[in-house]
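Quick look at my_file36.cif (mmCIF, C-alpha atoms):
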```cif
data_start
#
loop_
_atom_site.group_PDB
_atom_site.id
_atom_site.type_symbol
_atom_site.label_atom_id
_atom_site.label_comp_id
_atom_site.auth_asym_id
_atom_site.auth_seq_id
_atom_site.Cartn_x
_atom_site.Cartn_y
_atom_site.Cartn_z
ATOM 1 C CA MET I 11 -48.616 -151.613 11.231
ATOM 2 C CA GLN I 12 -45.552 -149.417 10.875
ATOM 3 C CA LEU I 13 -44.516 -146.418 12.937
ATOM 4 C CA THR I 14 -42.130 -143.811 11.518
ATOM 5 C CA ILE I 15 -40.561 -141.098 13.640
ATOM 6 C CA LEU I 16 -40.588 -137.819 11.721
ATOM 7 C CA GLY I 17 -39.030 -136.143 14.736
ATOM 8 C CA CYS I 18 -38.864 -136.643 18.481
ATOM 9 C CA SER I 19 -36.834 -133.751 19.878
ATOM 10 C CA GLY I 20 -38.148 -132.509 23.212
ATOM 11 C CA SER I 21 -39.653 -129.043 23.688
ATOM 12 C CA LEU I 22 -38.203 -127.690 20.423
ATOM 13 C CA ALA I 23 -36.704 -128.902 17.177
ATOM 14 C CA ALA I 24 -33.012 -129.808 17.007
ATOM 15 C CA PRO I 25 -30.633 -129.972 14.020
ATOM 16 C CA GLY I 26 -31.706 -133.029 12.042
ATOM 17 C CA ASN I 27 -34.528 -133.825 14.443
ATOM 18 C CA PRO I 28 -37.936 -132.106 14.219
ATOM 19 C CA ALA I 29 -40.095 -131.693 17.280
ATOM 20 C CA SER I 30 -42.592 -134.425 18.147
ATOM 21 C CA SER I 31 -44.259 -136.034 15.139
ATOM 22 C CA TYR I 32 -44.927 -139.609 14.043
ATOM 23 C CA VAL I 33 -46.643 -141.438 11.177
ATOM 24 C CA ILE I 34 -48.571 -144.671 11.664
ATOM 25 C CA SER I 35 -49.097 -146.661 8.466
ATOM 26 C CA VAL I 36 -51.370 -149.643 7.850
ATOM 27 C CA PRO I 37 -51.267 -151.370 4.434
ATOM 28 C CA GLY I 38 -54.179 -150.263 2.264
ATOM 29 C CA GLU I 39 -55.210 -147.505 4.684
ATOM 30 C CA THR I 40 -54.678 -143.743 4.896
ATOM 31 C CA ASP I 41 -51.639 -142.742 6.969
ATOM 32 C CA VAL I 42 -52.214 -141.305 10.441
ATOM 33 C CA VAL I 43 -49.968 -138.480 11.640
ATOM 34 C CA MET I 44 -49.607 -138.294 15.418
ATOM 35 C CA ASP I 45 -48.577 -134.803 16.567
ATOM 36 C CA PHE I 46 -46.966 -132.330 14.159
ATOM 37 C CA GLY I 47 -44.266 -130.213 15.770
ATOM 38 C CA ALA I 48 -41.775 -127.783 14.238
ATOM 39 C CA GLY I 49 -39.977 -129.266 11.246
ATOM 40 C CA ALA I 50 -42.458 -132.112 10.779
ATOM 41 C CA LEU I 51 -43.791 -130.989 7.405
ATOM 42 C CA ALA I 52 -40.340 -130.933 5.802
ATOM 43 C CA ALA I 53 -39.616 -134.422 7.168
ATOM 44 C CA MET I 54 -43.005 -135.701 6.022
ATOM 45 C CA GLN I 55 -42.374 -134.623 2.432
ATOM 46 C CA GLU I 56 -39.407 -136.995 2.207
ATOM 47 C CA ARG I 57 -41.467 -140.171 2.655
ATOM 48 C CA PHE I 58 -45.195 -139.404 2.799
ATOM 49 C CA ASP I 59 -47.890 -137.365 1.077
ATOM 50 C CA PRO I 60 -48.827 -134.429 3.343
ATOM 51 C CA ALA I 61 -52.158 -134.063 1.542
ATOM 52 C CA ALA I 62 -53.239 -137.644 2.201
ATOM 53 C CA ALA I 63 -53.214 -138.239 5.954
ATOM 54 C CA HIS I 64 -55.402 -138.074 9.009
ATOM 55 C CA VAL I 65 -53.972 -136.134 11.969
ATOM 56 C CA ILE I 66 -54.288 -136.816 15.697
ATOM 57 C CA PHE I 67 -52.898 -134.791 18.592
ATOM 58 C CA SER I 68 -51.917 -135.780 22.118
ATOM 59 C CA HIS I 69 -52.068 -132.119 23.193
ATOM 60 C CA LEU I 70 -51.539 -128.704 21.687
ATOM 61 C CA HIS I 71 -48.296 -127.292 23.019
ATOM 62 C CA ALA I 72 -46.329 -125.702 20.172
ATOM 63 C CA ASP I 73 -43.654 -128.405 20.017
ATOM 64 C CA HIS I 74 -46.410 -130.886 19.179
ATOM 65 C CA CYS I 75 -48.439 -128.863 16.684
ATOM 66 C CA ALA I 76 -46.484 -125.869 15.334
ATOM 67 C CA ASP I 77 -46.331 -127.112 11.729
ATOM 68 C CA PHE I 78 -50.075 -127.619 11.404
ATOM 69 C CA PRO I 79 -50.774 -124.215 9.780
ATOM 70 C CA SER I 80 -48.153 -125.032 7.143
ATOM 71 C CA LEU I 81 -49.874 -128.358 6.556
ATOM 72 C CA LEU I 82 -53.086 -126.447 5.863
ATOM 73 C CA VAL I 83 -51.276 -124.401 3.210
ATOM 74 C CA TRP I 84 -49.972 -127.571 1.530
ATOM 75 C CA ARG I 85 -53.370 -129.264 1.595
ATOM 76 C CA ARG I 86 -55.229 -126.240 0.236
ATOM 77 C CA TYR I 87 -52.833 -124.625 -2.217
ATOM 78 C CA HIS I 88 -50.366 -127.180 -3.571
ATOM 79 C CA PRO I 89 -50.521 -126.502 -7.350
ATOM 80 C CA THR I 90 -50.618 -130.145 -8.461
ATOM 81 C CA ALA I 91 -51.401 -132.313 -5.431
ATOM 82 C CA PRO I 92 -53.634 -130.604 -2.857
ATOM 83 C CA ALA I 93 -55.844 -132.659 -0.570
ATOM 84 C CA SER I 94 -58.501 -134.453 -2.577
ATOM 85 C CA GLU I 95 -60.796 -135.032 0.416
ATOM 86 C CA ARG I 96 -61.432 -133.982 3.981
ATOM 87 C CA HIS I 97 -59.435 -136.098 6.392
ATOM 88 C CA ARG I 98 -60.034 -136.709 10.085
ATOM 89 C CA LEU I 99 -58.565 -134.492 12.761
ATOM 90 C CA ILE I 100 -58.825 -135.780 16.330
ATOM 91 C CA GLY I 101 -57.560 -133.918 19.370
ATOM 92 C CA PRO I 102 -58.479 -131.723 22.336
ATOM 93 C CA SER I 103 -61.914 -130.132 22.171
ATOM 94 C CA TYR I 104 -60.567 -126.643 21.459
ATOM 95 C CA ALA I 105 -58.363 -127.721 18.517
ATOM 96 C CA PRO I 106 -60.428 -126.008 15.757
ATOM 97 C CA GLU I 107 -60.243 -122.672 17.579
ATOM 98 C CA HIS I 108 -56.567 -123.144 18.451
ATOM 99 C CA PHE I 109 -55.561 -123.918 14.872
ATOM 100 C CA GLY I 110 -57.994 -121.344 13.523
ATOM 101 C CA ARG I 111 -56.147 -118.651 15.446
ATOM 102 C CA MET I 112 -52.725 -120.000 14.481
ATOM 103 C CA SER I 113 -53.551 -119.854 10.773
ATOM 104 C CA ALA I 114 -55.721 -116.703 10.739
ATOM 105 C CA ASP I 115 -54.736 -113.600 8.786
ATOM 106 C CA GLY I 116 -54.951 -111.160 11.677
ATOM 107 C CA PRO I 117 -55.775 -110.502 15.346
ATOM 108 C CA GLY I 118 -59.231 -111.592 16.414
ATOM 109 C CA GLU I 119 -59.750 -113.617 13.231
ATOM 110 C CA LEU I 120 -60.368 -117.353 12.989
ATOM 111 C CA ASP I 121 -59.518 -119.566 10.032
ATOM 112 C CA ASP I 122 -62.237 -122.158 9.453
ATOM 113 C CA ILE I 123 -60.351 -125.442 8.930
ATOM 114 C CA SER I 124 -63.496 -127.492 8.290
ATOM 115 C CA ASP I 125 -62.939 -127.187 4.536
ATOM 116 C CA THR I 126 -60.080 -129.675 4.759
ATOM 117 C CA PHE I 127 -60.514 -131.526 8.081
ATOM 118 C CA GLU I 128 -63.433 -133.199 9.851
ATOM 119 C CA PHE I 129 -62.884 -132.687 13.570
ATOM 120 C CA THR I 130 -63.614 -135.033 16.481
ATOM 121 C CA ALA I 131 -62.742 -134.314 20.120
ATOM 122 C CA TRP I 132 -61.157 -136.997 22.285
ATOM 123 C CA ARG I 133 -63.221 -138.463 25.096
ATOM 124 C CA ALA I 134 -61.053 -140.204 27.677
ATOM 125 C CA GLY I 135 -61.331 -143.973 27.533
ATOM 126 C CA ARG I 136 -63.447 -143.996 24.369
ATOM 127 C CA PRO I 137 -61.686 -145.348 21.258
ATOM 128 C CA GLU I 138 -61.866 -143.621 17.897
ATOM 129 C CA HIS I 139 -61.660 -145.854 14.829
ATOM 130 C CA LEU I 140 -59.414 -144.618 12.062
ATOM 131 C CA SER I 141 -57.537 -146.341 9.198
ATOM 132 C CA GLY I 142 -58.108 -149.803 10.639
ATOM 133 C CA LEU I 143 -56.918 -148.686 14.076
ATOM 134 C CA ALA I 144 -58.622 -148.280 17.433
ATOM 135 C CA ILE I 145 -57.096 -145.219 19.135
ATOM 136 C CA THR I 146 -57.935 -144.661 22.792
ATOM 137 C CA PRO I 147 -57.008 -141.490 24.725
ATOM 138 C CA PHE I 148 -56.015 -141.525 28.398
ATOM 139 C CA ASP I 149 -55.933 -138.375 30.509
ATOM 140 C CA VAL I 150 -52.429 -137.529 31.726
ATOM 141 C CA VAL I 151 -50.775 -134.838 33.881
ATOM 142 C CA HIS I 152 -49.310 -131.918 31.935
ATOM 143 C CA PRO I 153 -49.827 -128.127 31.965
ATOM 144 C CA ALA I 154 -51.472 -128.126 28.529
ATOM 145 C CA ALA I 155 -55.257 -128.361 28.622
ATOM 146 C CA GLU I 156 -56.661 -131.785 27.726
ATOM 147 C CA SER I 157 -53.393 -133.699 27.533
ATOM 148 C CA HIS I 158 -53.575 -137.352 26.542
ATOM 149 C CA ALA I 159 -51.573 -140.496 26.217
ATOM 150 C CA LEU I 160 -52.707 -142.511 23.203
ATOM 151 C CA ARG I 161 -53.068 -146.270 22.804
ATOM 152 C CA ILE I 162 -53.208 -147.460 19.181
ATOM 153 C CA GLU I 163 -54.273 -151.027 18.384
ATOM 154 C CA ASP I 164 -54.458 -152.607 14.935
ATOM 155 C CA ALA I 165 -56.690 -155.421 13.671
ATOM 156 C CA ASP I 166 -54.073 -158.031 14.615
ATOM 157 C CA GLY I 167 -53.967 -156.854 18.212
ATOM 158 C CA LYS I 168 -50.594 -155.134 17.936
ATOM 159 C CA VAL I 169 -50.342 -152.094 20.203
ATOM 160 C CA ILE I 170 -48.399 -148.836 20.058
ATOM 161 C CA SER I 171 -48.656 -146.633 23.126
ATOM 162 C CA PHE I 172 -47.569 -142.985 23.195
ATOM 163 C CA SER I 173 -47.165 -141.152 26.486
ATOM 164 C CA GLY I 174 -47.640 -137.703 24.998
ATOM 165 C CA ASP I 175 -46.189 -135.261 27.533
ATOM 166 C CA SER I 176 -46.907 -136.044 31.164
ATOM 167 C CA GLY I 177 -45.622 -136.223 34.677
ATOM 168 C CA PHE I 178 -45.866 -139.628 36.321
ATOM 169 C CA THR I 179 -49.440 -140.889 36.638
ATOM 170 C CA PRO I 180 -50.947 -144.409 36.840
ATOM 171 C CA THR I 181 -52.951 -143.765 33.662
ATOM 172 C CA LEU I 182 -49.695 -144.032 31.701
ATOM 173 C CA ILE I 183 -49.376 -147.623 32.900
ATOM 174 C CA ASP I 184 -52.943 -148.287 31.770
ATOM 175 C CA ALA I 185 -52.250 -146.748 28.360
ATOM 176 C CA ALA I 186 -49.078 -148.816 27.909
ATOM 177 C CA ARG I 187 -50.349 -152.132 29.292
ATOM 178 C CA ASP I 188 -48.768 -155.044 27.292
ATOM 179 C CA ALA I 189 -47.886 -152.700 24.416
ATOM 180 C CA ASP I 190 -45.602 -153.994 21.704
ATOM 181 C CA LEU I 191 -44.077 -150.524 21.342
ATOM 182 C CA PHE I 192 -44.157 -147.789 23.994
ATOM 183 C CA LEU I 193 -43.049 -144.320 22.942
ATOM 184 C CA CYS I 194 -42.347 -142.534 26.201
ATOM 185 C CA GLU I 195 -41.165 -139.015 26.783
ATOM 186 C CA ALA I 196 -38.122 -138.457 29.008
ATOM 187 C CA ALA I 197 -37.705 -134.704 28.920
ATOM 188 C CA TRP I 198 -36.309 -134.482 32.460
ATOM 189 C CA GLY I 199 -33.235 -136.536 31.568
ATOM 190 C CA ALA I 200 -32.093 -139.425 33.723
ATOM 191 C CA THR I 201 -34.120 -138.434 36.802
ATOM 192 C CA SER I 202 -36.946 -136.102 37.772
ATOM 193 C CA GLU I 203 -35.301 -135.228 41.075
ATOM 194 C CA GLY I 204 -35.402 -131.468 41.603
ATOM 195 C CA LYS I 205 -37.620 -130.910 38.558
ATOM 196 C CA ALA I 206 -41.133 -129.471 38.416
ATOM 197 C CA GLU I 207 -43.887 -131.943 39.232
ATOM 198 C CA GLY I 208 -46.764 -132.739 36.914
ATOM 199 C CA MET I 209 -44.950 -131.796 33.746
ATOM 200 C CA HIS I 210 -42.546 -134.390 32.305
ATOM 201 C CA LEU I 211 -40.987 -137.795 32.866
ATOM 202 C CA SER I 212 -37.408 -138.973 33.258
ATOM 203 C CA GLY I 213 -35.652 -141.986 31.812
ATOM 204 C CA GLN I 214 -35.961 -143.642 35.198
ATOM 205 C CA GLU I 215 -39.725 -143.110 35.266
ATOM 206 C CA ALA I 216 -40.116 -144.216 31.647
ATOM 207 C CA GLY I 217 -38.363 -147.467 32.555
ATOM 208 C CA ARG I 218 -40.572 -147.922 35.592
ATOM 209 C CA ILE I 219 -43.749 -147.435 33.553
ATOM 210 C CA ALA I 220 -42.510 -149.859 30.879
ATOM 211 C CA ARG I 221 -41.754 -152.466 33.556
ATOM 212 C CA GLU I 222 -45.050 -152.105 35.402
ATOM 213 C CA ALA I 223 -47.030 -152.099 32.144
ATOM 214 C CA GLY I 224 -45.232 -155.164 30.766
ATOM 215 C CA VAL I 225 -44.313 -153.584 27.443
ATOM 216 C CA GLN I 226 -42.125 -155.301 24.888
ATOM 217 C CA THR I 227 -40.036 -152.378 23.570
ATOM 218 C CA LEU I 228 -39.534 -148.958 25.158
ATOM 219 C CA VAL I 229 -38.633 -146.115 22.793
ATOM 220 C CA LEU I 230 -37.377 -143.000 24.576
ATOM 221 C CA VAL I 231 -38.491 -139.753 22.941
ATOM 222 C CA HIS I 232 -38.927 -136.030 23.657
ATOM 223 C CA ILE I 233 -35.381 -135.696 24.969
ATOM 224 C CA GLN I 234 -34.236 -132.098 24.802
ATOM 225 C CA PRO I 235 -31.191 -131.169 22.665
ATOM 226 C CA TRP I 236 -29.105 -130.157 25.701
ATOM 227 C CA THR I 237 -29.566 -133.522 27.453
ATOM 228 C CA ASP I 238 -27.139 -136.459 27.236
ATOM 229 C CA PRO I 239 -29.341 -139.188 25.715
ATOM 230 C CA GLU I 240 -27.084 -142.018 26.851
ATOM 231 C CA GLU I 241 -27.688 -141.077 30.490
ATOM 232 C CA VAL I 242 -31.417 -141.250 29.828
ATOM 233 C CA VAL I 243 -31.113 -144.681 28.205
ATOM 234 C CA GLN I 244 -29.032 -146.046 31.069
ATOM 235 C CA ALA I 245 -31.530 -144.742 33.632
ATOM 236 C CA ALA I 246 -34.374 -146.476 31.801
ATOM 237 C CA ARG I 247 -32.426 -149.746 31.554
ATOM 238 C CA ALA I 248 -31.829 -149.709 35.299
ATOM 239 C CA GLU I 249 -35.619 -149.964 35.759
ATOM 240 C CA PHE I 250 -36.654 -152.060 32.742
ATOM 241 C CA ASP I 251 -34.954 -155.219 31.488
ATOM 242 C CA GLY I 252 -36.791 -155.314 28.152
ATOM 243 C CA GLU I 253 -35.590 -153.681 24.951
ATOM 244 C CA VAL I 254 -34.815 -149.970 25.306
ATOM 245 C CA VAL I 255 -34.332 -147.897 22.144
ATOM 246 C CA LEU I 256 -33.369 -144.257 21.765
ATOM 247 C CA GLY I 257 -35.833 -142.618 19.362
ATOM 248 C CA THR I 258 -34.250 -140.934 16.352
ATOM 249 C CA ALA I 259 -35.648 -138.997 13.415
ATOM 250 C CA GLY I 260 -36.351 -141.291 10.460
ATOM 251 C CA ALA I 261 -36.460 -144.509 12.484
ATOM 252 C CA THR I 262 -39.169 -147.009 11.587
ATOM 253 C CA PHE I 263 -40.703 -149.838 13.618
ATOM 254 C CA GLU I 264 -42.621 -152.744 12.085
ATOM 255 C CA LEU I 265 -45.229 -154.481 14.209
#
```

Representation of the structure as structure tokens:
Amino acid sequence: MQLTILGCSGSLAAPGNPASSYVISVPGETDVVMDFGAGALAAMQERFDPAAAHVIFSHLHADHCADFPSLLVWRRYHPTAPASERHRLIGPSYAPEHFGRMSADGPGELDDISDTFEFTAWRAGRPEHLSGLAITPFDVVHPAAESHALRIEDADGKVISFSGDSGFTPTLIDAARDADLFLCEAAWGATSEGKAEGMHLSGQEAGRIAREAGVQTLVLVHIQPWTDPEEVVQAARAEFDGEVVLGTAGATFEL
């Protein structure tokens, strides 16, 4: 299993770093795109086929899904390589309506995306099986409706965990338990002190979760462009003595 970061900028895209989007690849299987924020489609074209991938979403804030309507255009209208089949789309229960409104032609209209995607809604704690992976959603704490952390396990038992966006909650520890790779947001910078509750994590909290969950490698993501990433990394390392990596656009991880 390989994970590629298309982009991991927090809250909005940054120069050279799209907003949250990742690709999970398993040999012989269809790629799985996890979140698809602003700038993701351009990054995807460099290394992957946008018309040949399943898509899963942790939640539907714009920085995690803004490029999805453009993906629909590619899949439907590319002159030589449109999508040749319906792929899976898994996310919050209201995703078809949300994306239907984003890609509609006018107010009050709804684009029917079922021509190119087969939709399934997450049910907390119940795994969905996709491209040789078992993907389990965990409810987390974030202002977006139906926000999830995702735990992805391959046939060899290797685990990638993704926090999505969340304030601190014990379910993040459950989602990351013994993970080989834990992608954890740290939008609040080094510490959450003085920040809004129930919204985001800090580097300190990401390190704490990684320690309590017993993960192997912590990858810090969703750091906003105005934040000093080195302060975030140092805060995480003060809590977690395992490997701490700063997520960057284009980085790949082999499991």

Shell around Asn27 of chain I at 8 Å using all atoms listed in the file, local window under 3 positions removed, as a ChimeraX atom specification: /I:16-19,23-24,49,258-259

Since I can't run it myself right now, could you work out what the PyMOL selection byres ((chain I and resi 150-161) around 7) selects here and report it as a PyMOL selection string? chain I and resi 68-71+102+145-149+162-163+169-177+179+181-182+185-186+208-209

What lies within 8 Å of Met44 of chain I using all atoms listed in the file, ignoring chain neighbours under 2 positions off, as a PyMOL selection string? chain I and resi 31-34+42+46+65-68

Residues within 12 Å of Asp41 of chain I, please, as a PDB file with C-alpha atoms, keeping the file's coordinate frame. Count all atoms listed in the file; anything in the same chain fewer than 6 positions from it doesn't count.
```pdb
ATOM      1  CA  MET I  11     -48.616-151.613  11.231  1.00  0.00           C
ATOM      2  CA  GLN I  12     -45.552-149.417  10.875  1.00  0.00           C
ATOM      3  CA  LEU I  13     -44.516-146.418  12.937  1.00  0.00           C
ATOM      4  CA  THR I  14     -42.130-143.811  11.518  1.00  0.00           C
ATOM      5  CA  TYR I  32     -44.927-139.609  14.043  1.00  0.00           C
ATOM      6  CA  VAL I  33     -46.643-141.438  11.177  1.00  0.00           C
ATOM      7  CA  ILE I  34     -48.571-144.671  11.664  1.00  0.00           C
ATOM      8  CA  SER I  35     -49.097-146.661   8.466  1.00  0.00           C
ATOM      9  CA  MET I  54     -43.005-135.701   6.022  1.00  0.00           C
ATOM     10  CA  ARG I  57     -41.467-140.171   2.655  1.00  0.00           C
ATOM     11  CA  PHE I  58     -45.195-139.404   2.799  1.00  0.00           C
ATOM     12  CA  ASP I  59     -47.890-137.365   1.077  1.00  0.00           C
ATOM     13  CA  PRO I  60     -48.827-134.429   3.343  1.00  0.00           C
ATOM     14  CA  ALA I  61     -52.158-134.063   1.542  1.00  0.00           C
ATOM     15  CA  ALA I  62     -53.239-137.644   2.201  1.00  0.00           C
ATOM     16  CA  ALA I  63     -53.214-138.239   5.954  1.00  0.00           C
ATOM     17  CA  HIS I  64     -55.402-138.074   9.009  1.00  0.00           C
ATOM     18  CA  VAL I  65     -53.972-136.134  11.969  1.00  0.00           C
ATOM     19  CA  ILE I  66     -54.288-136.816  15.697  1.00  0.00           C
ATOM     20  CA  HIS I  97     -59.435-136.098   6.392  1.00  0.00           C
ATOM     21  CA  ARG I  98     -60.034-136.709  10.085  1.00  0.00           C
ATOM     22  CA  LEU I 140     -59.414-144.618  12.062  1.00  0.00           C
ATOM     23  CA  SER I 141     -57.537-146.341   9.198  1.00  0.00           C
ATOM     24  CA  GLY I 142     -58.108-149.803  10.639  1.00  0.00           C
ATOM     25  CA  LEU I 143     -56.918-148.686  14.076  1.00  0.00           C
TER      26      LEU I 143
END
```

To one decimal place, how far is atom CA of Ala248 of chain I from atom CA of Ser202 of chain I in Å?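 Between atom CA of Ala248 of chain I and atom CA of Ser202 of chain I the gap is 14.7 Å.
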